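Notes follow the structure.
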Amino acid sequence: MLGDIVLAVDGGFVLKQSFNAVSAIALLTLVALGLYVAFAMLRVINIAHGEFLMLGAYTQWAVTDHGFSPWFGLPAAALAVGTFAVVVERTVIRRLYLREDLSTLLATFGLSIILQRGIGIWLGTERRFVEVPVKGNFEFLGVSYGHYEVVVPVIAAGIVLAVLLLIMRTDFGIRVRATIQNPEMAAAMGINTDLMNMVTFALGAALAGVAGALIVPTVTLSPVMGVEFVVRAFLVVIVAGAGTVFAALGGGAVVGGWESGFTSAFDATYAQISVLLLVIFLVLLRPRGLFERFQRT
Amino acid sequence: MQPIISRRRFLATTGGLAALGSLGALGLSACGDDEEEGPAGTPAEGVAPSGEPIKIGGVFSLTGIFALFGELMRNGAILGVEKINEEGGVLGRPLELLVEDDGSTSTGAAERARKLLLDDKVDFVMGTLTSADSLAVVPVATEAKKPFFYILEGESKTCNPGGEGLNPYVFGIGSTPHQYITPFVPVLLERYGTDWYLIGSDYVFPRSVHAITKELLAQQGGRVVAEEYVPLGTTDFGPLIDKIAAAQPDLVFTYIVGPDSIAFTLRGVETGQLADIPVSGSAHFRPVQWPGLGQASIGTILVDHYSQAVDNPENNEFVARFRERFNFELPIDAIAADTYLTIQIIRAAAEQAGSIEPEAFIAAAEGLEVATPKGLVLIDPENHILQQNIYLLEITADGYKFLEDFGRQVHPDQVDCSVT
């Protein structure tokens, strides 16, 4: 049954809902970027991507548990997860490059299970919590905003922006784009595609790790916390199609924005159902992804 | 595109990895299960039980999102079996607990129950967490004609498919929404007011709870401002909380379960949106979630059919032993007590019947009264749902405070049975 339709007559309320949508988009894009790059560049469907988020969250817990600042936990999570991803890339992922069959799904699925169970066994099932780094809230146009509630999307958006700048404006970025568009030509031009693959995969994982570290004060830490995010991230990748990294942002906006908006207006369950219907519809419309045509030749 | 490795090498390597992986998984799962499993020790005094063990199968969520619940349930069962064995077992025979992990899924629950009943030939099955899990196991136990005790509170599952009559093999240990909502609603109406915002996780249990809530509110002059459900696994409660804040109800009555409830409460505190709006419920604020949301919910009132604060000899013994046996400092959740007392009930009914043969056992169980940590309970002969006391509690900085005993509540007939 549809919930009440909220009559958005109150400006402050509308602003908060819009803010919620932007916040959801920023976080989702941050998580999806890494998955997207792995897919666009390496044609690897990394089902274990949600576990990178989970490992980042646990790193943040470990950092704060030992008395360090949660702000320090953010780069720590990026570093820890990025390093771990290098190991994963060298041992598992690189053997799956450019295979467009189900073997990548199987391998990464297995990795996902191993990581979930492994963390569960190693650290046990106790509930663990990380304190919110900035407590308190403020009011704007009659609606209350938590301080941390604002900090998260600002940081997430900032990181996404930084990554986009990196890709679009730097030497390194040119090499990444070249490797995505045409790996053989890139290799012929002297780019070390092997290194590119490793570095970008690790970078994508690090982004998910930071996302995990960011959200952990507001959710329960658990070995399976990444699952919910990886599903959404996949929807982003499907909607976006293999193109430039802006495609990932576009995909995030579509998926994140729709779900958040629908939840605000109606009901979370129908939001989830409708997002899937939306994705099916978009895939039927443009099977190679919404933003594929923006790929530069 | 040339494949990077040859097909033969790929198959060989994957095969090898898969074999290694499954060995590893077997090893890891064996490790996990052996840790604290199985009742310890021999009876200190009295006659040691002897002979063929009576096997009790436990289906618990030891991995996955409900792992914390499953662990508590298992530990309660282990303690129960140990205590009964210390006291001479059942009909002179020792009890043996076989634990299976359903991975927090209902398909897993059905599978594990099948294994316990058909392969391990257990005499009783107990466990399951969510209503979905219990509903999955009911047909399996019924077909195997063995008694099944579902633990968690929730709507009745003891009827036959279609809702007519009693399925004799199923017993409900936890309380039903009828039992605990009925005395609770008037208290909340009086304390907070009439305009309620109902929320819950989106599956059968919260929906059936709120169906009853709405009925009672209609009878007692309450008003439902809105009713909204969120999918299990929701982490972003921003939109929902904003909607609640915009509606300014007298009370938010919540049946969000599991880790989601913590995310909701913490988000509410963080944004300050719910600072002036009272929140109440029961499952949302249960002891399993207390470590996460307790400090943020001091003063919240709730109902439960058990609390460690309940003062009776059975509970005093249970709490002391549980804390020592499992080195457990936190507030003890009803589910641990419920698995423990299920073992007590099995003994009581078996001794009454003089046998564990299902028909005799079931006949003896009906109408039987047993002294348990949650009080004196009675197995209802009409619907096999424990008649049990409901307690009003308040969250404190250290745990839960006992406020009031609503007395023994009876679940009416097969009202709201969810077996289809």
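Scheme for the structure tokens: letters A, B, ... for chains in order shown; per-chain residue numbers from 1; ligand numbers from 1 in order shown.
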(message) as an MDAnalysis selection string, could you give me every residue of chain A near chain B (at most 9 Å apart, counting only C-alpha atoms)?
(response) chainID A and resid 2:4 6 13 16:17 20:21 24 95:99 107 110 114 116:118 120:121 125:129 132 135:138 143:149 217:225 228 260:261 263:265 267:269 272
(request) Compile the contact shell of region 274-291 of chain A as a list in words: residues with an atom at most 10 Å away, counting only C-alpha atoms, same-chain residues fewer than 5 positions apart removed. (result)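 Surrounding residues, per the criterion: Arg232, Leu235, Val236, Val237, Ile238, Val239, Ala240, Gly241, Ala242, Gly243, Thr244, Val245, Phe246, Ala247, Ala248, Leu249, Gly250, Gly251, Val254, Val255, Gly256, Gly257, Trp258, Glu259, Ser260, Phe262, Ala268 and Thr269 of chain A.
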(message) Write out as a ChimeraX atom specification the set of residues from region 277-350 of chain B that DSSP, computed on the backbone, places in alpha helix (DSSP H).
(response) /B:290-293,313-326,334-350
Residues from the last selection, N, CA, C and O atoms, saved as a tab-separated table (two decimals), in the first residue's frame:
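Saved the output as selection.tsv:
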chain	number	residue	atom	x	y	z
B	290	TRP	N	20.59	-3.17	22.73
B	290	TRP	CA	20.88	-2.19	23.79
B	290	TRP	C	22.29	-1.61	23.72
B	290	TRP	O	22.48	-0.40	23.89
B	291	PRO	N	23.32	-2.45	23.46
B	291	PRO	CA	24.67	-1.86	23.38
B	291	PRO	C	24.77	-0.74	22.35
B	291	PRO	O	25.51	0.21	22.52
B	292	GLY	N	24.00	-0.83	21.31
B	292	GLY	CA	24.08	0.19	20.26
B	292	GLY	C	23.21	1.41	20.54
B	292	GLY	O	23.61	2.53	20.30
B	293	LEU	N	21.99	1.18	21.02
B	293	LEU	CA	21.08	2.32	21.15
B	293	LEU	C	20.67	2.63	22.58
B	293	LEU	O	19.92	3.56	22.82
B	313	PRO	N	13.24	-17.39	41.52
B	313	PRO	CA	14.41	-18.26	41.73
B	313	PRO	C	14.97	-18.81	40.42
B	313	PRO	O	16.18	-18.90	40.25
B	314	GLU	N	14.08	-19.18	39.48
B	314	GLU	CA	14.56	-19.73	38.21
B	314	GLU	C	15.42	-18.71	37.47
B	314	GLU	O	16.48	-19.04	36.92
B	315	ASN	N	14.95	-17.47	37.46
B	315	ASN	CA	15.67	-16.45	36.71
B	315	ASN	C	16.98	-16.09	37.40
B	315	ASN	O	18.00	-15.89	36.74
B	316	ASN	N	16.92	-16.01	38.72
B	316	ASN	CA	18.16	-15.67	39.43
B	316	ASN	C	19.23	-16.70	39.12
B	316	ASN	O	20.39	-16.36	38.88
B	317	GLU	N	18.83	-17.98	39.09
B	317	GLU	CA	19.80	-19.02	38.77
B	317	GLU	C	20.26	-18.91	37.32
B	317	GLU	O	21.46	-18.97	37.02
B	318	PHE	N	19.30	-18.71	36.43
B	318	PHE	CA	19.64	-18.63	35.01
B	318	PHE	C	20.61	-17.49	34.73
B	318	PHE	O	21.63	-17.67	34.06
B	319	VAL	N	20.28	-16.31	35.23
B	319	VAL	CA	21.12	-15.14	34.96
B	319	VAL	C	22.54	-15.35	35.47
B	319	VAL	O	23.52	-15.11	34.77
B	320	ALA	N	22.65	-15.84	36.71
B	320	ALA	CA	23.97	-16.04	37.29
B	320	ALA	C	24.77	-17.06	36.48
B	320	ALA	O	25.94	-16.85	36.13
B	321	ARG	N	24.14	-18.17	36.12
B	321	ARG	CA	24.86	-19.21	35.38
B	321	ARG	C	25.23	-18.75	33.98
B	321	ARG	O	26.31	-19.04	33.48
B	322	PHE	N	24.28	-18.03	33.33
B	322	PHE	CA	24.54	-17.57	31.97
B	322	PHE	C	25.73	-16.63	31.94
B	322	PHE	O	26.61	-16.72	31.09
B	323	ARG	N	25.74	-15.71	32.89
B	323	ARG	CA	26.83	-14.72	32.93
B	323	ARG	C	28.17	-15.41	33.13
B	323	ARG	O	29.17	-15.07	32.51
B	324	GLU	N	28.16	-16.41	34.01
B	324	GLU	CA	29.43	-17.07	34.31
B	324	GLU	C	29.86	-17.97	33.17
B	324	GLU	O	31.01	-17.95	32.73
B	325	ARG	N	28.92	-18.75	32.68
B	325	ARG	CA	29.27	-19.75	31.66
B	325	ARG	C	29.78	-19.12	30.38
B	325	ARG	O	30.68	-19.63	29.73
B	326	PHE	N	29.18	-17.98	30.02
B	326	PHE	CA	29.56	-17.38	28.74
B	326	PHE	C	30.26	-16.05	28.90
B	326	PHE	O	30.44	-15.31	27.96
B	334	ALA	N	15.66	-11.85	25.84
B	334	ALA	CA	14.67	-12.91	26.05
B	334	ALA	C	15.02	-14.19	25.30
B	334	ALA	O	14.73	-15.29	25.78
B	335	ILE	N	15.62	-14.06	24.12
B	335	ILE	CA	15.84	-15.27	23.33
B	335	ILE	C	16.76	-16.26	24.02
B	335	ILE	O	16.61	-17.48	23.83
B	336	ALA	N	17.71	-15.76	24.81
B	336	ALA	CA	18.58	-16.70	25.51
B	336	ALA	C	17.79	-17.45	26.57
B	336	ALA	O	17.94	-18.66	26.74
B	337	ALA	N	16.93	-16.71	27.30
B	337	ALA	CA	16.10	-17.36	28.31
B	337	ALA	C	15.12	-18.32	27.67
B	337	ALA	O	14.82	-19.39	28.21
B	338	ASP	N	14.59	-17.94	26.49
B	338	ASP	CA	13.57	-18.76	25.85
B	338	ASP	C	14.10	-20.10	25.38
B	338	ASP	O	13.40	-21.12	25.45
B	339	THR	N	15.33	-20.14	24.86
B	339	THR	CA	15.85	-21.45	24.45
B	339	THR	C	16.14	-22.29	25.69
B	339	THR	O	15.89	-23.50	25.71
B	340	TYR	N	16.63	-21.65	26.72
B	340	TYR	CA	16.91	-22.35	27.98
B	340	TYR	C	15.63	-22.98	28.53
B	340	TYR	O	15.60	-24.16	28.90
B	341	LEU	N	14.55	-22.21	28.54
B	341	LEU	CA	13.34	-22.75	29.15
B	341	LEU	C	12.61	-23.73	28.25
B	341	LEU	O	11.81	-24.54	28.71
B	342	THR	N	12.91	-23.66	26.95
B	342	THR	CA	12.35	-24.68	26.05
B	342	THR	C	12.84	-26.06	26.47
B	342	THR	O	12.08	-27.04	26.44
B	343	ILE	N	14.09	-26.14	26.86
B	343	ILE	CA	14.63	-27.42	27.32
B	343	ILE	C	13.91	-27.84	28.60
B	343	ILE	O	13.57	-29.03	28.78
B	344	GLN	N	13.64	-26.88	29.47
B	344	GLN	CA	12.90	-27.20	30.69
B	344	GLN	C	11.52	-27.74	30.36
B	344	GLN	O	11.03	-28.68	30.99
B	345	ILE	N	10.90	-27.12	29.39
B	345	ILE	CA	9.56	-27.54	28.98
B	345	ILE	C	9.59	-28.94	28.39
B	345	ILE	O	8.72	-29.77	28.67
B	346	ILE	N	10.59	-29.20	27.57
B	346	ILE	CA	10.71	-30.53	26.98
B	346	ILE	C	10.82	-31.58	28.07
B	346	ILE	O	10.15	-32.63	28.04
B	347	ARG	N	11.64	-31.29	29.06
B	347	ARG	CA	11.77	-32.26	30.17
B	347	ARG	C	10.45	-32.43	30.89
B	347	ARG	O	10.00	-33.54	31.15
B	348	ALA	N	9.80	-31.30	31.21
B	348	ALA	CA	8.56	-31.37	31.98
B	348	ALA	C	7.51	-32.19	31.25
B	348	ALA	O	6.85	-33.06	31.84
B	349	ALA	N	7.34	-31.93	29.97
B	349	ALA	CA	6.31	-32.64	29.21
B	349	ALA	C	6.68	-34.11	29.04
B	349	ALA	O	5.81	-34.99	29.15
B	350	ALA	N	7.95	-34.39	28.78
B	350	ALA	CA	8.37	-35.78	28.60
B	350	ALA	C	8.18	-36.58	29.88
B	350	ALA	O	7.71	-37.72	29.86
So which residues touch Thr105 (chain B) within 9 Å, counting only C-alpha atoms, skipping near sequence neighbours fewer than 6 positions away, as a PDB file with C-alpha atoms, in the first residue's frame?
ATOM      1  CA  SER B  61      21.344 -17.998  12.780  1.00  0.00           C
ATOM      2  CA  GLY B  64      24.788 -13.517   8.547  1.00  0.00           C
ATOM      3  CA  THR B 130      12.324 -14.433  12.048  1.00  0.00           C
ATOM      4  CA  ALA B 132       9.912 -16.250   7.786  1.00  0.00           C
ATOM      5  CA  ASP B 133      12.350 -18.789   9.218  1.00  0.00           C
TER       6      ASP B 133
END
(request) Between CA of Ala157 (chain A) and CA of Ala26 (chain A), measure the distance and give it in Å to one decimal. (result) 5.2 Å
(request) Compare B:Ser280, B:Gln179, B:Thr158, B:Gln219 by their minimum atom-to-atom distance to Ile199 (chain B), counting only C-alpha atoms, and give me the closest one. (result)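 Under the stated criterion, the closest residue is B:Ser280.
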(request) Check region 84-191 of chain A with DSSP on the backbone and list each residue it calls strand (DSSP E), as a ChimeraX atom specification. (result) /A:137-140,143-146
Keeping only N, CA and C atoms, take the residues you just selected and write them out as a PDB file, in the first residue's frame.
ATOM      1  N   ASN A 137      23.603  19.134  16.318  1.00  0.00           N
ATOM      2  CA  ASN A 137      22.874  19.432  15.102  1.00  0.00           C
ATOM      3  C   ASN A 137      22.529  20.911  15.057  1.00  0.00           C
ATOM      4  N   PHE A 138      22.051  21.347  13.914  1.00  0.00           N
ATOM      5  CA  PHE A 138      21.669  22.743  13.767  1.00  0.00           C
ATOM      6  C   PHE A 138      20.355  22.806  13.015  1.00  0.00           C
ATOM      7  N   GLU A 139      19.733  23.935  13.055  1.00  0.00           N
ATOM      8  CA  GLU A 139      18.455  24.063  12.378  1.00  0.00           C
ATOM      9  C   GLU A 139      18.554  25.006  11.194  1.00  0.00           C
ATOM     10  N   PHE A 140      17.889  24.650  10.133  1.00  0.00           N
ATOM     11  CA  PHE A 140      17.883  25.516   8.965  1.00  0.00           C
ATOM     12  C   PHE A 140      16.497  25.473   8.352  1.00  0.00           C
ATOM     13  N   VAL A 143      14.111  22.977   9.852  1.00  0.00           N
ATOM     14  CA  VAL A 143      14.399  21.544   9.818  1.00  0.00           C
ATOM     15  C   VAL A 143      15.766  21.292  10.442  1.00  0.00           C
ATOM     16  N   SER A 144      15.854  20.203  11.170  1.00  0.00           N
ATOM     17  CA  SER A 144      17.081  19.892  11.890  1.00  0.00           C
ATOM     18  C   SER A 144      18.051  19.080  11.031  1.00  0.00           C
ATOM     19  N   TYR A 145      19.319  19.475  11.033  1.00  0.00           N
ATOM     20  CA  TYR A 145      20.361  18.714  10.333  1.00  0.00           C
ATOM     21  C   TYR A 145      21.417  18.304  11.351  1.00  0.00           C
ATOM     22  N   GLY A 146      21.838  17.046  11.291  1.00  0.00           N
ATOM     23  CA  GLY A 146      22.937  16.628  12.152  1.00  0.00           C
ATOM     24  C   GLY A 146      24.248  17.145  11.576  1.00  0.00           C
TER      25      GLY A 146
END
(request) Compile the contact shell of Glu184 (chain A) as a PyMOL selection string: residues with an atom at most 9 Å away, counting only C-alpha atoms, same-chain residues fewer than 5 positions apart removed. (result) chain A and resi 179+189+193
(message) Which residues are close to region 74-87 of chain A, i.e. within 12 Å by only C-alpha atoms, leaving aside same-chain residues fewer than 6 positions away? Reply as a PyMOL selection string.
(response) chain A and resi 34+38+46+48-64+68+93-94+111+115+133+152+155-156+159+194-216
(request) Give me, please, the distance in Å between CA of Pro147 (chain B) and CA of Tyr169 (chain B), quoted to one decimal. (result)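 If I compute the distance from CA of Pro147 (chain B) to CA of Tyr169 (chain B), I get 4.4 Å.
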(request) Please measure the separation of CA of Val415 (chain B) and CA of Ala136 (chain B), giving the value in Å to one decimal. (result)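 That distance, rounded to one decimal, is 19.8 Å.
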